[in-house]
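Pasted below: start_16.cif, mmCIF, C-alpha atoms.
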```
data_coords
#
loop_
_atom_site.group_PDB
_atom_site.id
_atom_site.type_symbol
_atom_site.label_atom_id
_atom_site.label_comp_id
_atom_site.auth_asym_id
_atom_site.auth_seq_id
_atom_site.Cartn_x
_atom_site.Cartn_y
_atom_site.Cartn_z
ATOM 1 C CA ARG A 26 103.644 108.438 147.078
ATOM 2 C CA ARG A 27 106.785 109.699 145.339
ATOM 3 C CA ARG A 28 109.344 111.777 147.193
ATOM 4 C CA ARG A 29 110.158 115.147 145.692
ATOM 5 C CA GLY A 30 113.581 115.602 144.195
ATOM 6 C CA ARG A 31 114.450 111.947 144.118
ATOM 7 C CA GLY A 32 116.317 110.990 140.956
ATOM 8 C CA ARG A 33 116.846 114.576 139.861
ATOM 9 C CA ALA A 34 120.241 116.152 139.333
ATOM 10 C CA ASP A 35 121.265 118.719 141.921
ATOM 11 C CA PRO A 36 121.988 121.893 139.898
ATOM 12 C CA GLY A 37 124.456 123.108 142.551
ATOM 13 C CA ARG A 38 126.492 119.900 142.487
ATOM 14 C CA ARG A 39 129.541 119.784 140.262
ATOM 15 C CA ARG A 40 129.618 116.741 138.007
ATOM 16 C CA GLU A 41 132.868 114.837 137.739
ATOM 17 C CA PRO A 42 134.017 113.774 134.288
ATOM 18 C CA PRO A 43 133.838 110.050 133.592
ATOM 19 C CA ALA A 44 136.840 108.016 134.654
ATOM 20 C CA LEU A 45 138.870 107.075 131.593
ATOM 21 C CA ILE A 46 141.626 104.502 131.234
ATOM 22 C CA THR A 47 143.832 107.348 130.018
ATOM 23 C CA ASP A 48 143.353 109.044 133.416
ATOM 24 C CA VAL A 49 145.365 106.320 135.172
ATOM 25 C CA PRO A 50 148.872 107.616 135.977
ATOM 26 C CA GLY A 51 151.628 105.448 134.509
ATOM 27 C CA LEU A 52 149.387 103.829 131.899
ATOM 28 C CA ARG A 53 149.422 104.778 128.217
ATOM 29 C CA VAL A 54 147.022 103.582 125.537
ATOM 30 C CA GLY A 55 147.586 103.096 121.814
ATOM 31 C CA HIS A 56 145.423 101.746 119.006
ATOM 32 C CA ALA A 57 145.860 100.341 115.524
ATOM 33 C CA THR A 58 142.632 100.051 113.565
ATOM 34 C CA ASP A 59 141.863 98.557 110.183
ATOM 35 C CA THR A 60 138.778 100.533 109.150
ATOM 36 C CA THR A 61 138.300 98.463 105.987
ATOM 37 C CA ALA A 62 138.337 95.056 107.707
ATOM 38 C CA LEU A 63 136.675 96.514 110.835
ATOM 39 C CA THR A 64 139.135 95.052 113.320
ATOM 40 C CA GLY A 65 142.030 96.284 115.370
ATOM 41 C CA VAL A 66 144.118 96.114 118.491
ATOM 42 C CA SER A 67 144.480 98.285 121.586
ATOM 43 C CA VAL A 68 147.556 98.214 123.784
ATOM 44 C CA LEU A 69 147.998 99.429 127.326
ATOM 45 C CA VAL A 70 151.674 100.092 128.066
ATOM 46 C CA CYS A 71 152.723 100.405 131.705
ATOM 47 C CA ASP A 72 155.450 102.916 132.567
ATOM 48 C CA ARG A 73 156.625 100.423 135.216
ATOM 49 C CA PRO A 74 155.800 96.749 135.733
ATOM 50 C CA ALA A 75 152.289 96.605 137.172
ATOM 51 C CA VAL A 76 150.124 94.114 139.005
ATOM 52 C CA CYS A 77 147.103 93.214 136.911
ATOM 53 C CA GLY A 78 143.964 91.115 137.327
ATOM 54 C CA VAL A 79 141.336 89.544 135.121
ATOM 55 C CA ALA A 80 137.729 88.388 135.264
ATOM 56 C CA LEU A 81 136.810 85.991 132.467
ATOM 57 C CA ARG A 82 133.234 85.956 131.190
ATOM 58 C CA GLY A 83 131.566 83.848 128.547
ATOM 59 C CA GLY A 84 132.236 80.366 127.326
ATOM 60 C CA ALA A 85 134.790 80.848 124.563
ATOM 61 C CA ASN A 86 137.501 83.083 125.962
ATOM 62 C CA ASP A 87 140.615 83.613 123.896
ATOM 63 C CA VAL A 88 143.421 84.785 126.150
ATOM 64 C CA VAL A 89 147.208 84.523 126.331
ATOM 65 C CA GLY A 90 149.707 85.153 129.114
ATOM 66 C CA LEU A 91 147.272 84.924 132.022
ATOM 67 C CA ASP A 92 149.931 83.163 134.104
ATOM 68 C CA TYR A 93 151.568 86.593 134.611
ATOM 69 C CA LEU A 94 148.481 87.585 136.598
ATOM 70 C CA ASP A 95 148.975 84.782 139.139
ATOM 71 C CA PRO A 96 150.359 86.194 142.424
ATOM 72 C CA GLY A 97 152.484 83.023 142.719
ATOM 73 C CA HIS A 98 154.235 83.605 139.377
ATOM 74 C CA LEU A 99 158.005 84.247 139.498
ATOM 75 C CA VAL A 100 157.311 87.762 138.171
ATOM 76 C CA PRO A 101 153.632 88.559 138.911
ATOM 77 C CA THR A 102 153.639 91.835 136.988
ATOM 78 C CA VAL A 103 152.975 92.903 133.416
ATOM 79 C CA ASP A 104 154.605 95.429 131.110
ATOM 80 C CA GLY A 105 151.514 95.870 128.966
ATOM 81 C CA VAL A 106 148.147 94.401 128.024
ATOM 82 C CA VAL A 107 146.774 93.683 124.545
ATOM 83 C CA LEU A 108 143.062 93.769 123.692
ATOM 84 C CA GLY A 109 142.192 92.916 120.130
ATOM 85 C CA GLY A 110 139.941 91.453 117.529
ATOM 86 C CA GLY A 111 140.623 88.565 115.195
ATOM 87 C CA SER A 112 139.609 85.828 117.603
ATOM 88 C CA ARG A 113 142.425 83.275 118.017
ATOM 89 C CA PHE A 114 144.279 84.781 115.050
ATOM 90 C CA GLY A 115 144.544 88.169 116.785
ATOM 91 C CA GLU A 116 147.051 86.728 119.249
ATOM 92 C CA GLU A 117 149.730 87.497 116.676
ATOM 93 C CA ALA A 118 149.484 91.170 117.697
ATOM 94 C CA VAL A 119 151.045 90.317 121.070
ATOM 95 C CA TYR A 120 154.354 89.506 119.351
ATOM 96 C CA GLY A 121 154.566 93.002 117.900
ATOM 97 C CA VAL A 122 154.042 94.486 121.366
ATOM 98 C CA LEU A 123 156.692 92.151 122.800
ATOM 99 C CA ARG A 124 159.181 93.303 120.173
ATOM 100 C CA TRP A 125 158.391 96.985 120.784
ATOM 101 C CA LEU A 126 158.911 96.597 124.544
ATOM 102 C CA GLU A 127 162.068 94.486 124.120
ATOM 103 C CA GLU A 128 163.605 97.131 121.843
ATOM 104 C CA ARG A 129 163.189 99.578 124.725
ATOM 105 C CA GLY A 130 164.691 97.260 127.341
ATOM 106 C CA ARG A 131 161.331 96.661 129.020
ATOM 107 C CA GLY A 132 160.686 93.311 130.655
ATOM 108 C CA PHE A 133 162.090 90.701 132.997
ATOM 109 C CA ALA A 134 165.901 90.547 132.830
ATOM 110 C CA ALA A 135 166.853 87.120 131.488
ATOM 111 C CA GLY A 136 170.590 86.942 130.895
ATOM 112 C CA PRO A 137 171.585 89.180 127.993
ATOM 113 C CA THR A 138 167.998 90.089 127.081
ATOM 114 C CA VAL A 139 164.654 91.033 128.581
ATOM 115 C CA VAL A 140 161.363 89.173 128.329
ATOM 116 C CA PRO A 141 158.332 91.477 128.444
ATOM 117 C CA HIS A 142 155.241 90.116 130.167
ATOM 118 C CA VAL A 143 152.184 90.942 128.067
ATOM 119 C CA PRO A 144 148.866 89.158 128.513
ATOM 120 C CA GLY A 145 146.137 89.575 125.945
ATOM 121 C CA ALA A 146 142.453 88.977 125.311
ATOM 122 C CA PHE A 147 140.833 88.706 121.899
ATOM 123 C CA LEU A 148 137.231 88.865 120.812
ATOM 124 C CA PHE A 149 135.491 87.163 117.950
ATOM 125 C CA ASP A 150 134.908 89.765 115.249
ATOM 126 C CA LEU A 151 135.469 87.556 112.207
ATOM 127 C CA GLY A 152 131.846 87.975 111.126
ATOM 128 C CA VAL A 153 132.231 91.755 110.932
ATOM 129 C CA GLY A 154 134.065 93.395 108.038
ATOM 130 C CA ASP A 155 136.586 91.104 106.347
ATOM 131 C CA GLY A 156 137.124 88.075 108.600
ATOM 132 C CA ARG A 157 140.229 87.097 106.624
ATOM 133 C CA VAL A 158 142.022 90.221 107.891
ATOM 134 C CA ARG A 159 143.164 90.094 111.510
ATOM 135 C CA PRO A 160 145.431 92.160 113.772
ATOM 136 C CA THR A 161 149.058 91.340 112.943
ATOM 137 C CA ARG A 162 152.457 91.712 114.606
ATOM 138 C CA GLU A 163 152.798 94.995 112.744
ATOM 139 C CA ALA A 164 149.466 96.198 114.133
ATOM 140 C CA GLY A 165 150.548 95.295 117.676
ATOM 141 C CA TYR A 166 153.844 97.114 117.191
ATOM 142 C CA ALA A 167 152.049 100.174 115.769
ATOM 143 C CA ALA A 168 149.569 100.234 118.658
ATOM 144 C CA ALA A 169 152.402 100.050 121.210
ATOM 145 C CA ALA A 170 154.257 102.838 119.397
ATOM 146 C CA ALA A 171 151.076 104.940 119.408
ATOM 147 C CA ALA A 172 150.970 104.586 123.192
ATOM 148 C CA ALA A 173 154.418 106.157 123.531
#
```
Would you mind writing the file's structure down as structure tokens?
Amino acid sequence: RRRRGRGRADPGRRREPPALITDVPGLRVGHATDTTALTGVSVLVCDRPAVCGVALRGGANDVVGLDYLDPGHLVPTVDGVVLGGGSRFGEEAVYGVLRWLEERGRGFAAGPTVVPHVPGAFLFDLGVGDGRVRPTREAGYAAAAAAA
């Protein structure tokens, strides 16, 4: 026998909006998309260095900079995170984000310069759109600038 009211929305209950990454204080998001090649890059820029974690799934992960997520690392914080397409080739976008952050003095102080800590993860999208076109340094830079 089924109980009445189970699984039904309560009309008097206020529904909360979905939690969005853009709702997180101190975190800004920017994108650069190539609509012709059907690929792109998203960048999360932290207002301050932040502790970050990861859970890897699947058997062919393409990631860079995961050592920054190790609590035993000299500087176990990140200045941003890159998520992109292009498979292994998409890693190039990280260098654009590094440059954008360095130009703004963001990163670990290393003598006369700073070294931003930016891990990234990239998915295989080479079979969608034009697989010869991948996220570039310029795309990473543009995505970081869009997060500003």
Open item on the list: Counting only C-alpha atoms, find residues at most 10 Å from (158.2, 96.6, 111.3) (file frame) and give them as JSON, numbers by chain.
Closed with: {"A": [121, 124, 125, 162, 163, 164, 166, 167]}
TODO: Write out as JSON, numbers by chain which residues come within 12 Å of Phe149 (chain A) when counting all atoms listed in the file, dropping same-chain ones fewer than 2 positions away.
DONE: {"A": [63, 64, 65, 83, 85, 86, 87, 88, 108, 109, 110, 111, 112, 113, 114, 115, 116, 146, 147, 151, 152, 153, 154, 156, 159, 160]}
- [ ] Could you jot down the CA of Leu94 (chain A) to CA of Cys77 (chain A) separation for me, Å, one decimal place?
- [x] 5.8 Å
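Going from CA of Ala170 (chain A) to CA of Asp48 (chain A) covers 18.8 Å.
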To box region 62-69 of chain A, take all atoms listed in the file, fit an axis-aligned box, add 8 Å on each side, and give centre and edge lengths in Å to one decimal, as AutoDock Vina command-line options.
```
--center_x 142.3 --center_y 97.2 --center_z 117.5 --size_x 27.3 --size_y 20.4 --size_z 35.6
```
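Distances from A:Val103, A:Val143, A:Ala171, A:Leu52 to Ala118 (chain A) were compared using all atoms listed in the file, and the smallest one belongs to A:Val143.
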Open item on the list: Considering only C-alpha atoms, can you say which of A:Val107, A:Tyr120, A:His142, A:Leu148 comes closest to Ala57 (chain A)?
Closed with: A:Val107
Open item on the list: I'd like the contact shell of Pro96 (chain A) - 12 Å cut-off, all atoms listed in the file, skipping same-chain residues fewer than 4 positions apart - returned as a PyMOL selection string.
Closed with: chain A and resi 75-78+91-92+100-103
Open item on the list: List the spatial neighbours of region 126-128 of chain A as an NGL selection string - criterion: any atom at most 12 Å away, only C-alpha atoms, same-chain residues fewer than 6 positions off excluded.
Closed with: :A and (68-74 or 103-106 or 119-120 or 134-135 or 137-143 or 165-170 or 172-173)
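Going from CA of Pro42 (chain A) to CA of Val66 (chain A) covers 25.8 Å.
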